[in-house]
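Participant: Next comes query-v6.cif, mmCIF, C-alpha atoms and all ligand atoms:
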```cif
data_run
loop_
_atom_site.label_atom_id
_atom_site.label_comp_id
_atom_site.auth_asym_id
_atom_site.auth_seq_id
_atom_site.Cartn_x
_atom_site.Cartn_y
_atom_site.Cartn_z
CA MET A 226 2.02 48.15 36.84
CA THR A 227 3.44 45.64 34.34
CA THR A 228 1.37 43.93 31.71
CA GLU A 229 2.46 40.44 30.77
CA THR A 230 1.88 39.35 27.22
CA THR A 231 1.73 35.64 26.59
CA ALA A 232 2.07 34.16 23.12
CA PRO A 233 -1.17 32.53 21.94
CA ALA A 234 -1.11 28.74 22.37
CA PRO A 235 -0.15 27.18 19.06
CA GLN A 236 -2.77 25.14 17.31
CA ILE A 237 -1.83 21.47 17.41
CA HIS A 238 -2.68 19.39 14.34
CA LYS A 239 -2.50 15.92 15.86
CA GLY A 240 -1.66 13.37 13.17
CA LEU A 241 -1.44 16.32 10.74
CA ALA A 242 -5.18 15.74 10.19
CA GLY A 243 -6.59 18.30 7.78
CA VAL A 244 -3.19 19.95 7.20
CA VAL A 245 -2.30 20.69 3.58
CA VAL A 246 1.50 20.49 3.42
CA ASP A 247 2.23 20.88 -0.29
CA THR A 248 0.81 20.70 -3.79
CA THR A 249 1.01 17.61 -6.00
CA ARG A 250 0.21 16.94 -9.66
CA ILE A 251 0.28 13.17 -9.22
CA SER A 252 -3.12 12.31 -7.78
CA LYS A 253 -6.23 13.95 -6.40
CA VAL A 254 -8.30 12.37 -3.63
CA ASN A 255 -11.70 14.02 -3.35
CA PRO A 256 -13.61 12.82 -0.28
CA GLU A 257 -16.66 14.92 -1.22
CA THR A 258 -17.19 13.14 -4.53
CA ASN A 259 -15.49 9.88 -3.44
CA SER A 260 -13.20 10.15 -6.40
CA LEU A 261 -9.54 9.49 -7.05
CA LEU A 262 -7.68 10.78 -10.10
CA TYR A 263 -4.16 9.78 -11.19
CA ARG A 264 -2.76 12.65 -13.28
CA GLY A 265 -6.36 13.62 -14.05
CA TYR A 266 -7.66 10.16 -14.99
CA PRO A 267 -10.31 8.48 -12.78
CA VAL A 268 -8.71 5.41 -11.21
CA GLN A 269 -11.74 3.29 -12.12
CA GLU A 270 -11.19 4.05 -15.83
CA LEU A 271 -7.50 3.25 -15.56
CA ALA A 272 -8.34 -0.04 -13.82
CA ALA A 273 -10.84 -0.95 -16.57
CA LYS A 274 -8.73 0.04 -19.57
CA CYS A 275 -5.02 -0.07 -18.69
CA SER A 276 -2.24 -2.41 -17.69
CA PHE A 277 -0.33 -1.67 -14.50
CA GLU A 278 2.72 -0.90 -16.67
CA GLU A 279 0.78 1.90 -18.43
CA VAL A 280 -0.25 3.32 -15.05
CA ALA A 281 3.37 3.22 -13.79
CA TYR A 282 4.39 5.14 -16.92
CA LEU A 283 1.59 7.64 -16.33
CA LEU A 284 2.54 8.24 -12.69
CA TRP A 285 6.19 8.87 -13.56
CA ASN A 286 5.75 10.80 -16.80
CA GLY A 287 2.43 12.58 -16.37
CA GLU A 288 0.89 11.14 -19.57
CA LEU A 289 -0.20 7.69 -20.70
CA PRO A 290 2.28 6.13 -23.15
CA ASP A 291 1.62 5.78 -26.87
CA ALA A 292 2.21 2.35 -28.42
CA GLU A 293 5.90 2.94 -29.07
CA GLN A 294 6.60 4.45 -25.64
CA LEU A 295 4.83 1.50 -24.01
CA SER A 296 6.83 -0.97 -26.03
CA VAL A 297 10.16 0.59 -24.95
CA PHE A 298 8.95 0.82 -21.34
CA THR A 299 7.77 -2.79 -21.12
CA GLN A 300 10.94 -4.07 -22.79
CA ARG A 301 13.00 -2.34 -20.10
CA GLU A 302 10.75 -3.63 -17.33
CA ARG A 303 10.85 -7.21 -18.63
CA ALA A 304 14.64 -7.12 -19.00
CA GLN A 305 15.09 -6.18 -15.32
CA ARG A 306 12.78 -8.69 -13.66
CA ALA A 307 15.31 -11.28 -12.51
CA LEU A 308 16.17 -11.54 -8.83
CA ASP A 309 19.62 -10.03 -8.17
CA PRO A 310 21.77 -12.91 -6.76
CA VAL A 311 23.15 -10.62 -4.03
CA VAL A 312 19.64 -9.61 -2.91
CA LYS A 313 18.72 -13.31 -2.96
CA SER A 314 21.74 -14.27 -0.84
CA VAL A 315 20.95 -11.53 1.72
CA ILE A 316 17.32 -12.72 1.92
CA ASP A 317 18.62 -16.26 2.42
CA THR A 318 20.51 -15.16 5.55
CA LEU A 319 17.25 -13.96 7.13
CA PRO A 320 15.07 -16.30 9.18
CA LEU A 321 11.97 -17.82 7.61
CA THR A 322 10.05 -16.34 10.52
CA ALA A 323 10.97 -12.76 9.47
CA HIS A 324 7.90 -10.79 8.41
CA PRO A 325 7.88 -10.50 4.59
CA MET A 326 7.69 -6.70 4.99
CA ASP A 327 11.07 -6.87 6.77
CA ILE A 328 12.36 -8.82 3.77
CA CYS A 329 11.03 -6.10 1.43
CA ARG A 330 12.57 -3.34 3.52
CA THR A 331 15.95 -5.10 3.58
CA ALA A 332 15.83 -5.89 -0.15
CA ALA A 333 15.11 -2.24 -1.05
CA SER A 334 18.02 -1.15 1.11
CA VAL A 335 20.41 -3.70 -0.43
CA MET A 336 19.32 -2.65 -3.93
CA GLY A 337 20.15 0.95 -3.01
CA ALA A 338 23.60 0.10 -1.71
CA ARG A 339 24.35 -1.85 -4.89
CA HIS A 340 22.93 0.59 -7.42
CA PRO A 341 25.58 1.95 -9.80
CA LEU A 342 23.95 5.40 -9.57
CA ALA A 343 23.50 5.19 -5.78
CA GLU A 344 24.51 8.78 -5.01
CA ASP A 345 23.15 10.33 -8.21
CA SER A 346 19.81 12.05 -7.59
CA SER A 347 19.36 13.47 -11.09
CA PRO A 348 15.90 12.92 -12.63
CA GLU A 349 17.39 10.41 -15.11
CA ALA A 350 19.10 8.42 -12.34
CA ASN A 351 15.97 8.44 -10.19
CA LEU A 352 13.81 7.26 -13.09
CA ALA A 353 16.29 4.41 -13.67
CA LYS A 354 16.19 3.48 -9.97
CA ALA A 355 12.39 3.63 -9.93
CA MET A 356 12.24 1.28 -12.94
CA ASP A 357 14.73 -1.05 -11.27
CA LEU A 358 12.59 -1.32 -8.09
CA PHE A 359 9.33 -1.60 -10.06
CA ALA A 360 10.71 -4.41 -12.26
CA ALA A 361 12.49 -6.34 -9.49
CA PHE A 362 9.97 -6.31 -6.64
CA PRO A 363 7.67 -9.06 -7.95
CA ALA A 364 10.65 -11.44 -7.98
CA ILE A 365 11.52 -10.48 -4.39
CA VAL A 366 7.95 -10.92 -3.11
CA ALA A 367 7.47 -14.19 -5.03
CA TYR A 368 10.85 -15.57 -3.99
CA ASP A 369 10.23 -14.88 -0.31
CA GLN A 370 6.81 -16.54 -0.34
CA ARG A 371 8.22 -19.60 -2.14
CA ARG A 372 11.18 -19.95 0.23
CA ARG A 373 8.82 -19.85 3.22
CA ARG A 374 6.79 -22.59 1.55
CA GLY A 375 9.94 -24.66 0.90
CA GLN A 376 9.58 -24.22 -2.89
CA GLN A 377 12.25 -23.52 -5.52
CA PRO A 378 12.24 -20.04 -7.09
CA VAL A 379 10.55 -19.60 -10.47
CA GLU A 380 12.37 -17.57 -13.14
CA PRO A 381 10.50 -14.60 -14.66
CA ARG A 382 9.00 -14.89 -18.15
CA GLU A 383 9.53 -12.09 -20.66
CA ASP A 384 6.50 -13.16 -22.70
CA LEU A 385 4.08 -12.27 -19.88
CA GLY A 386 2.82 -8.86 -18.74
CA TYR A 387 3.63 -7.57 -15.24
CA ALA A 388 0.57 -9.02 -13.47
CA ALA A 389 0.69 -12.40 -15.24
CA ASN A 390 4.42 -12.72 -14.58
CA PHE A 391 4.01 -11.80 -10.88
CA LEU A 392 1.48 -14.64 -10.51
CA TRP A 393 3.69 -16.98 -12.56
CA MET A 394 6.74 -16.36 -10.33
CA SER A 395 4.59 -16.72 -7.20
CA PHE A 396 2.89 -20.01 -8.07
CA GLY A 397 4.90 -21.57 -10.93
CA GLU A 398 1.84 -21.86 -13.17
CA GLU A 399 0.07 -19.54 -15.57
CA ALA A 400 -2.92 -17.86 -13.97
CA ALA A 401 -6.32 -17.72 -15.68
CA ASP A 402 -7.12 -14.48 -17.51
CA ASP A 403 -9.73 -13.30 -14.99
CA VAL A 404 -7.27 -13.83 -12.12
CA VAL A 405 -4.57 -11.86 -13.97
CA ASP A 406 -7.12 -9.12 -14.61
CA ALA A 407 -8.21 -8.92 -10.94
CA PHE A 408 -4.56 -8.80 -9.85
CA ASN A 409 -3.81 -6.07 -12.40
CA VAL A 410 -6.80 -4.07 -11.11
CA SER A 411 -5.57 -4.37 -7.51
CA MET A 412 -2.08 -3.16 -8.47
CA ILE A 413 -3.53 -0.10 -10.21
CA LEU A 414 -5.78 0.71 -7.24
CA TYR A 415 -2.90 0.35 -4.78
CA ALA A 416 -0.44 2.35 -6.90
CA GLU A 417 -1.02 5.85 -5.59
CA HIS A 418 -3.00 7.80 -3.00
CA SER A 419 -1.54 11.31 -2.50
CA PHE A 420 0.04 12.15 0.89
CA ASN A 421 -0.77 8.93 2.77
CA ALA A 422 1.56 7.97 5.64
CA SER A 423 4.10 5.96 3.61
CA THR A 424 4.23 8.44 0.72
CA PHE A 425 4.65 11.30 3.16
CA THR A 426 7.47 9.33 4.84
CA ALA A 427 9.15 9.00 1.43
CA ARG A 428 8.75 12.75 0.84
CA VAL A 429 10.14 13.62 4.29
CA ILE A 430 13.23 11.47 3.68
CA THR A 431 13.64 12.91 0.18
CA SER A 432 13.33 16.46 1.54
CA THR A 433 16.65 15.99 3.38
CA LEU A 434 18.19 15.26 -0.06
CA SER A 435 18.70 11.65 0.91
CA ASP A 436 18.57 9.08 -1.91
CA LEU A 437 15.58 7.38 -3.55
CA HIS A 438 16.24 3.92 -2.08
CA SER A 439 16.44 5.37 1.46
CA ALA A 440 13.06 7.04 0.89
CA VAL A 441 11.51 3.80 -0.43
CA THR A 442 13.00 1.79 2.45
CA GLY A 443 11.46 4.22 4.96
CA ALA A 444 8.14 4.13 3.13
CA ILE A 445 8.07 0.33 3.37
CA GLY A 446 8.53 0.67 7.15
CA ALA A 447 5.56 3.06 7.31
CA LEU A 448 3.39 0.83 5.14
CA LYS A 449 3.96 -2.21 7.37
CA GLY A 450 1.77 -0.87 10.19
CA PRO A 451 -1.78 -2.23 10.55
CA LEU A 452 -3.27 1.28 10.45
CA HIS A 453 -1.90 1.57 6.90
CA GLY A 454 -0.92 -1.24 4.51
CA GLY A 455 -0.85 -3.98 7.13
CA ALA A 456 -4.66 -3.79 7.30
CA ASN A 457 -5.12 -6.09 4.27
CA GLU A 458 -3.42 -8.89 6.23
CA ALA A 459 -5.46 -8.07 9.33
CA VAL A 460 -8.72 -8.41 7.32
CA MET A 461 -7.83 -11.99 6.48
CA GLU A 462 -6.91 -12.67 10.11
CA THR A 463 -10.42 -11.44 11.04
CA PHE A 464 -12.00 -13.82 8.48
CA GLU A 465 -9.86 -16.65 9.85
CA GLN A 466 -10.84 -15.85 13.46
CA ILE A 467 -14.51 -15.97 12.53
CA GLY A 468 -13.85 -19.13 10.51
CA MET A 469 -14.62 -19.52 6.83
CA ASP A 470 -16.21 -23.00 6.94
CA GLY A 471 -19.40 -24.27 8.37
CA ASP A 472 -22.85 -22.75 8.82
CA ASN A 473 -24.24 -19.56 10.28
CA LEU A 474 -21.46 -17.40 8.87
CA THR A 475 -23.54 -14.23 9.07
CA GLU A 476 -24.49 -14.89 12.70
CA ARG A 477 -20.90 -15.74 13.61
CA ALA A 478 -19.58 -12.62 11.88
CA THR A 479 -22.18 -10.44 13.60
CA ALA A 480 -21.35 -11.92 17.01
CA TRP A 481 -17.61 -11.46 16.35
CA LEU A 482 -18.20 -7.83 15.41
CA GLU A 483 -20.32 -7.16 18.52
CA ASP A 484 -17.54 -8.53 20.74
CA ALA A 485 -14.81 -6.65 18.93
CA LEU A 486 -16.67 -3.33 19.06
CA ALA A 487 -17.62 -3.90 22.71
CA SER A 488 -13.94 -4.26 23.52
CA LYS A 489 -13.23 -1.06 21.55
CA LYS A 490 -11.21 -2.84 18.86
CA LYS A 491 -10.56 -1.15 15.53
CA ILE A 492 -11.98 -3.32 12.77
CA MET A 493 -9.28 -3.64 10.15
CA GLY A 494 -10.19 -2.77 6.58
CA PHE A 495 -12.73 -0.14 7.69
CA GLY A 496 -12.47 3.61 7.98
CA HIS A 497 -10.17 6.12 6.38
CA ARG A 498 -8.49 9.35 7.41
CA VAL A 499 -9.61 11.18 4.27
CA TYR A 500 -12.71 9.38 2.96
CA LYS A 501 -15.56 9.60 5.42
CA HIS A 502 -18.32 8.25 3.17
CA GLY A 503 -16.54 5.29 1.58
CA ASP A 504 -13.28 4.70 -0.22
CA SER A 505 -13.42 5.53 -3.96
CA ARG A 506 -11.37 2.41 -4.80
CA VAL A 507 -13.65 -0.09 -3.05
CA PRO A 508 -16.39 -0.62 -5.70
CA THR A 509 -13.78 -1.49 -8.36
CA MET A 510 -11.88 -3.84 -6.04
CA LYS A 511 -15.12 -5.36 -4.72
CA ALA A 512 -16.14 -6.15 -8.32
CA ALA A 513 -12.73 -7.82 -8.83
CA LEU A 514 -13.22 -9.77 -5.57
CA ASP A 515 -16.67 -10.88 -6.75
CA ARG A 516 -15.10 -12.23 -9.94
CA MET A 517 -12.58 -14.16 -7.81
CA ILE A 518 -15.36 -15.50 -5.57
CA LEU A 519 -17.11 -16.83 -8.69
CA HIS A 520 -13.87 -18.15 -10.19
CA TYR A 521 -12.91 -20.06 -7.04
CA ASP A 522 -16.54 -20.82 -6.05
CA ARG A 523 -16.28 -19.41 -2.52
CA PRO A 524 -19.68 -18.00 -1.48
CA ASP A 525 -18.54 -18.25 2.15
CA ILE A 526 -16.12 -15.34 1.60
CA SER A 527 -18.92 -13.33 0.03
CA GLU A 528 -21.18 -13.97 3.03
CA LEU A 529 -18.52 -12.98 5.56
CA TYR A 530 -17.64 -9.87 3.56
CA ASP A 531 -21.24 -8.71 3.41
CA ALA A 532 -22.00 -9.53 7.05
CA LEU A 533 -19.10 -7.49 8.44
CA ALA A 534 -19.64 -4.61 6.01
CA ALA A 535 -23.36 -4.43 6.87
CA GLY A 536 -22.59 -4.64 10.60
CA MET A 537 -20.00 -1.83 10.44
CA HIS A 538 -22.39 0.33 8.45
CA GLN A 539 -25.25 -0.25 10.89
CA ARG A 540 -23.28 -0.06 14.12
CA LYS A 541 -20.68 2.61 13.32
CA ASN A 542 -21.61 4.11 9.95
CA ILE A 543 -18.04 3.30 8.86
CA GLU A 544 -17.39 1.96 5.35
CA PRO A 545 -14.73 -0.45 4.03
CA ASN A 546 -11.41 0.81 2.67
CA LEU A 547 -9.43 -0.77 -0.20
CA ASP A 548 -7.78 -3.31 2.10
CA TYR A 549 -11.14 -4.92 2.88
CA PRO A 550 -11.83 -6.40 -0.60
CA ALA A 551 -8.13 -6.70 -1.53
CA GLY A 552 -7.20 -9.04 1.36
CA PRO A 553 -9.76 -11.78 0.52
CA ALA A 554 -9.01 -11.42 -3.22
CA TYR A 555 -5.30 -12.13 -2.63
CA HIS A 556 -6.27 -15.03 -0.35
CA LEU A 557 -8.38 -16.56 -3.11
CA MET A 558 -5.56 -16.13 -5.63
CA GLY A 559 -3.43 -18.30 -3.33
CA PHE A 560 -1.13 -15.79 -1.62
CA ASP A 561 -0.11 -16.27 2.02
CA THR A 562 -1.69 -13.63 4.25
CA GLN A 563 1.74 -12.21 5.13
CA THR A 564 2.41 -11.60 1.43
CA PHE A 565 -0.51 -9.16 1.04
CA THR A 566 1.33 -6.05 2.25
CA PRO A 567 4.45 -6.87 0.19
CA ILE A 568 2.15 -6.94 -2.89
CA PHE A 569 0.96 -3.48 -1.82
CA VAL A 570 4.66 -2.45 -1.70
CA ALA A 571 5.22 -3.68 -5.26
CA ALA A 572 2.26 -1.56 -6.41
CA ARG A 573 2.95 1.55 -4.31
CA ILE A 574 6.63 1.71 -5.39
CA THR A 575 5.25 3.49 -8.47
CA GLY A 576 3.47 6.18 -6.44
CA TRP A 577 6.28 6.59 -3.90
CA THR A 578 8.91 7.09 -6.59
CA ALA A 579 6.68 9.53 -8.51
CA HIS A 580 6.38 11.58 -5.30
CA ILE A 581 10.13 11.36 -4.60
CA MET A 582 10.81 12.82 -8.06
CA GLU A 583 8.15 15.50 -7.61
CA GLN A 584 9.50 16.46 -4.17
CA LEU A 585 12.95 17.03 -5.68
CA GLU A 586 11.57 19.33 -8.38
CA ALA A 587 10.84 22.06 -5.79
CA ASN A 588 12.33 20.75 -2.58
CA SER A 589 11.93 22.31 0.83
CA LEU A 590 13.10 20.49 3.97
CA ILE A 591 10.04 19.07 5.76
CA ARG A 592 10.52 20.03 9.39
CA PRO A 593 7.39 20.80 11.44
CA LEU A 594 7.34 22.26 14.95
CA SER A 595 6.19 20.75 18.23
CA GLU A 596 4.79 22.25 21.42
CA TYR A 597 6.93 21.25 24.42
CA ASN A 598 4.88 20.03 27.39
CA GLY A 599 7.59 18.34 29.49
CA PRO A 600 9.06 19.55 32.82
CA ASP A 601 10.07 23.21 33.23
CA GLN A 602 13.76 24.00 33.00
CA ARG A 603 15.67 22.46 35.94
CA SER A 604 19.26 21.88 37.03
CA VAL A 605 21.15 18.62 37.13
CA GLU A 606 21.77 17.74 40.81
CA PRO A 607 25.34 16.52 41.33
N1 LIG A 701 -13.13 0.21 13.52
C1 LIG A 701 -13.82 0.70 14.56
N2 LIG A 701 -13.93 2.02 14.81
C2 LIG A 701 -13.32 2.85 13.97
C3 LIG A 701 -12.61 2.40 12.84
C4 LIG A 701 -12.52 1.02 12.65
N3 LIG A 701 -11.86 0.53 11.62
N4 LIG A 701 -12.11 3.46 12.19
C5 LIG A 701 -12.50 4.54 12.86
N5 LIG A 701 -13.23 4.18 13.93
C6 LIG A 701 -13.84 5.05 14.90
C7 LIG A 701 -12.83 5.38 16.01
O1 LIG A 701 -12.86 4.45 17.05
C8 LIG A 701 -13.29 6.75 16.40
O2 LIG A 701 -14.41 6.63 17.21
P1 LIG A 701 -14.60 7.57 18.48
O3 LIG A 701 -14.68 8.97 17.91
O4 LIG A 701 -15.85 7.07 19.09
O5 LIG A 701 -13.38 7.38 19.33
C9 LIG A 701 -13.74 7.38 15.09
O6 LIG A 701 -14.13 6.29 14.27
C10 LIG A 701 -12.65 8.16 14.39
O7 LIG A 701 -11.52 7.29 14.23
P2 LIG A 701 -10.03 7.75 14.13
O8 LIG A 701 -9.14 6.57 14.35
O9 LIG A 701 -9.79 8.95 14.98
O10 LIG A 701 -10.00 8.25 12.66
P3 LIG A 701 -8.72 8.39 11.81
O11 LIG A 701 -9.04 9.31 10.72
O12 LIG A 701 -7.53 8.71 12.63
O13 LIG A 701 -8.56 6.87 11.36
C11 LIG A 701 -7.84 4.98 10.32
C12 LIG A 701 -8.31 6.43 10.12
C13 LIG A 701 -6.52 4.96 11.07
C14 LIG A 701 -7.63 4.36 8.92
C15 LIG A 701 -8.92 4.19 11.10
O14 LIG A 701 -10.15 4.23 10.41
C16 LIG A 701 -8.50 2.77 11.36
O15 LIG A 701 -7.74 2.50 12.30
N6 LIG A 701 -8.96 1.79 10.49
C17 LIG A 701 -8.52 0.42 10.62
C18 LIG A 701 -7.17 0.24 9.94
C19 LIG A 701 -7.27 0.21 8.44
O16 LIG A 701 -8.14 -0.41 7.87
N7 LIG A 701 -6.30 0.88 7.79
C20 LIG A 701 -6.22 0.95 6.35
C21 LIG A 701 -6.28 2.37 5.88
S1 LIG A 701 -6.50 2.46 4.11
C22 LIG A 701 -5.08 1.91 3.39
O17 LIG A 701 -4.01 1.95 3.95
C23 LIG A 701 -5.21 1.32 2.00
#
```
Translate the structure described by the file into structure tokens.
Ligand code: ACO
Facilitator:
Amino acid sequence: MTTETTAPAPQIHKGLAGVVVDTTRISKVNPETNSLLYRGYPVQELAAKCSFEEVAYLLWNGELPDAEQLSVFTQRERAQRALDPVVKSVIDTLPLTAHPMDICRTAASVMGARHPLAEDSSPEANLAKAMDLFAAFPAIVAYDQRRRRGQQPVEPREDLGYAANFLWMSFGEEAADDVVDAFNVSMILYAEHSFNASTFTARVITSTLSDLHSAVTGAIGALKGPLHGGANEAVMETFEQIGMDGDNLTERATAWLEDALASKKKIMGFGHRVYKHGDSRVPTMKAALDRMILHYDRPDISELYDALAAGMHQRKNIEPNLDYPAGPAYHLMGFDTQTFTPIFVAARITGWTAHIMEQLEANSLIRPLSEYNGPDQRSVEP
């Protein structure tokens, strides 16, 4: 009598849900306490007290800068803001109908091919490349929006901080202080979020010992999808489908939601893989959105926001994620809907590059297994 032993069926972790793949010192997402720390600091405190430049420094260096460190850092950032003429000429060859995320992806790739330290992956070279991307991306995002609008590019201004200069290059006029502040808050909130899909993509690419720009280019591809960064655009499309003018906004939003849920649609800007009781970043971004609603006098946006959020809570017990308040805030500031995810890119470049550098400190090739469930072995018939 023979006894057959079969290997136990492997446990499948679809979507890697719940799988801890590595350690990180960069940020801590705690779904139990709805909290998010960057290098130990609560993100809400950073958003209230810091500039985005200080947060970029923190993510890369592990500590907030002192006055002198910040001065050196911002001088470098301001000196590298101008749009590289070669990147500009490549963008100009692309159709105006190209999605702005495709423009971002291409621009990051071109910047990599042109970087004087392209094949140098030392920490110093990677920090220089990270600074280069961080400083240059506002010009790329602003240029692409302006060219689609048929407007001339606006040169960066070294006398403005990162957020104020981003708005200046986008619209050609100085933004009001509360608008600059809301934009700065959004950049800080979008900067980093542990092993999300795009950051993990960047870490996978880095784990093969590929270069930093390849990792960022791949991360931009991952961020484009509507289940990740693309959701902020989709939120605005929802608001536009419901219609932002006229009466009965709450009733219209409720009816829209009923239809969408009846047809099993995912409502963009709601839900999260990690947070199950609400996204820790939402209250801070919602407060910034409220300031924009007051600034631009748009109670209609407030009504739509509340109606959908209340409906999702009641019907599905699902709460908004960061994209839900960020999308309408960018709309009010005057950005085209398709520019929302590129703004997210400009912010998340800081987190991605921090993770790329951390991955290289103790690298191990990321290569999971799969369980084959295709046809049994067979022969090729001649
Ligand atoms: N609208 C409607 N139902 C939803 C939503 C939603 N936004 N999110 C989750 N659900 C429901 C699902 O239909 C599912 O229900 P079921 O069990 O009855 O089938 C249940 O909640 C679990 O959903 P999953 O998709 O399995 O949960 P997962 O953890 O994989 O999803 C995700 C997370 C992808 C973010 C999801 O909530 C979603 O698609 N949201 C919309 C897209 C979005 O806003 N993305 C932005 C993410 S945050 C960021 O990138 C800043």
Participant: List all protein, DNA and RNA residues that have an atom no more than 9 Å from any atom of ligand LIG 701 (chain A), counting all atoms listed in the file, and report them as an MDAnalysis selection string.
Facilitator: chainID A and resid 240 242 415 418 421:422 448 450:457 459:460 485:486 489:501 504 537 541:549 569
Participant: A:Lys511, A:Arg264, A:His438, A:His538: which is nearest Thr578 (chain A), counting only C-alpha atoms?
Facilitator: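 Nearest to Thr578 (chain A): A:His438.
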Participant: With a distance cut-off of 9 Å and all atoms listed in the file, select the neighbouring residues of region 277-293 of chain A, excluding the residue or stretch itself and same-chain residues fewer than 3 positions from it, and output the selection as a PDB file with C-alpha atoms, keeping the file's coordinate frame.
Facilitator:
```
ATOM      1  CA  ARG A 250       0.210  16.940  -9.660  1.00  0.00           C
ATOM      2  CA  ILE A 251       0.280  13.170  -9.220  1.00  0.00           C
ATOM      3  CA  SER A 252      -3.120  12.310  -7.780  1.00  0.00           C
ATOM      4  CA  TYR A 263      -4.160   9.780 -11.190  1.00  0.00           C
ATOM      5  CA  ARG A 264      -2.760  12.650 -13.280  1.00  0.00           C
ATOM      6  CA  LEU A 271      -7.500   3.250 -15.560  1.00  0.00           C
ATOM      7  CA  ALA A 272      -8.340  -0.040 -13.820  1.00  0.00           C
ATOM      8  CA  SER A 296       6.830  -0.970 -26.030  1.00  0.00           C
ATOM      9  CA  VAL A 297      10.160   0.590 -24.950  1.00  0.00           C
ATOM     10  CA  PHE A 298       8.950   0.820 -21.340  1.00  0.00           C
ATOM     11  CA  THR A 299       7.770  -2.790 -21.120  1.00  0.00           C
ATOM     12  CA  GLU A 302      10.750  -3.630 -17.330  1.00  0.00           C
ATOM     13  CA  LEU A 352      13.810   7.260 -13.090  1.00  0.00           C
ATOM     14  CA  ALA A 355      12.390   3.630  -9.930  1.00  0.00           C
ATOM     15  CA  PHE A 359       9.330  -1.600 -10.060  1.00  0.00           C
ATOM     16  CA  GLY A 386       2.820  -8.860 -18.740  1.00  0.00           C
ATOM     17  CA  TYR A 387       3.630  -7.570 -15.240  1.00  0.00           C
ATOM     18  CA  ALA A 388       0.570  -9.020 -13.470  1.00  0.00           C
ATOM     19  CA  ASN A 409      -3.810  -6.070 -12.400  1.00  0.00           C
ATOM     20  CA  VAL A 410      -6.800  -4.070 -11.110  1.00  0.00           C
ATOM     21  CA  MET A 412      -2.080  -3.160  -8.470  1.00  0.00           C
ATOM     22  CA  ILE A 413      -3.530  -0.100 -10.210  1.00  0.00           C
ATOM     23  CA  ALA A 416      -0.440   2.350  -6.900  1.00  0.00           C
ATOM     24  CA  GLU A 417      -1.020   5.850  -5.590  1.00  0.00           C
ATOM     25  CA  ALA A 572       2.260  -1.560  -6.410  1.00  0.00           C
ATOM     26  CA  THR A 575       5.250   3.490  -8.470  1.00  0.00           C
ATOM     27  CA  GLY A 576       3.470   6.180  -6.440  1.00  0.00           C
ATOM     28  CA  THR A 578       8.910   7.090  -6.590  1.00  0.00           C
ATOM     29  CA  ALA A 579       6.680   9.530  -8.510  1.00  0.00           C
ATOM     30  CA  HIS A 580       6.380  11.580  -5.300  1.00  0.00           C
ATOM     31  CA  MET A 582      10.810  12.820  -8.060  1.00  0.00           C
TER      32      MET A 582
END
```
Participant: For Ala307 (chain A), which residue out of A:Phe396, A:Trp481, A:Tyr266, A:Tyr368 is the nearest one, using only C-alpha atoms?
Facilitator: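 Of all the options, A:Tyr368 lies closest to Ala307 (chain A).
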Participant: So, counting all atoms listed in the file, which residue among A:Ser604, A:Glu483, A:Phe420, A:Lys313 is closest to Val245 (chain A)?
Facilitator: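 Among the listed residues, A:Phe420 lies closest to Val245 (chain A).
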Participant: Check the smallest atom-to-atom distance from each of A:Ser411, A:Thr258, A:Thr442, A:Thr509 to Ile568 (chain A) using only C-alpha atoms, then report the winner.
Facilitator: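 Of A:Ser411, A:Thr258, A:Thr442, A:Thr509, the one nearest Ile568 (chain A) is A:Ser411, counting only C-alpha atoms.
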Participant: What is the CA of Ser260 (chain A) to CA of His502 (chain A) distance in Å?
Facilitator: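 Separation of CA of Ser260 (chain A) and CA of His502 (chain A): 11.0 Å.
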Participant: CA of Asp309 (chain A) to CA of Leu358 (chain A): how many Å, to one decimal?
Facilitator: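 If I compute the distance from CA of Asp309 (chain A) to CA of Leu358 (chain A), I get 11.2 Å.
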Participant: In terms of the shortest atom-to-atom distance over only C-alpha atoms, which of A:Ser595, A:Asn473, A:Gln294, A:Gln563 is closest to Lys449 (chain A)?
Facilitator: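 Residue with the minimum atom-to-atom distance to Lys449 (chain A): A:Gln563.
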Participant: Near Glu344 (chain A), counting only C-alpha atoms, which residues have an atom at most 12 Å away, once you skip same-chain residues fewer than 4 positions from it, shown as a list in words?
Facilitator: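 Answer for this query is Gly337, Ala338, Arg339, His340, Ala350, Asn351, Lys354, Leu434, Ser435, Asp436, Leu437, His438 and Ser439 of chain A.
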Participant: Could you turn the residues from that selection into a file that holds C-alpha atoms, as a PDB file, in the frame of the given file?
Facilitator:
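Okay, result05.pdb is ready:
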```pdb
ATOM      1  CA  GLY A 337      20.150   0.950  -3.010  1.00  0.00           C
ATOM      2  CA  ALA A 338      23.600   0.100  -1.710  1.00  0.00           C
ATOM      3  CA  ARG A 339      24.350  -1.850  -4.890  1.00  0.00           C
ATOM      4  CA  HIS A 340      22.930   0.590  -7.420  1.00  0.00           C
ATOM      5  CA  ALA A 350      19.100   8.420 -12.340  1.00  0.00           C
ATOM      6  CA  ASN A 351      15.970   8.440 -10.190  1.00  0.00           C
ATOM      7  CA  LYS A 354      16.190   3.480  -9.970  1.00  0.00           C
ATOM      8  CA  LEU A 434      18.190  15.260  -0.060  1.00  0.00           C
ATOM      9  CA  SER A 435      18.700  11.650   0.910  1.00  0.00           C
ATOM     10  CA  ASP A 436      18.570   9.080  -1.910  1.00  0.00           C
ATOM     11  CA  LEU A 437      15.580   7.380  -3.550  1.00  0.00           C
ATOM     12  CA  HIS A 438      16.240   3.920  -2.080  1.00  0.00           C
ATOM     13  CA  SER A 439      16.440   5.370   1.460  1.00  0.00           C
TER      14      SER A 439
END
```
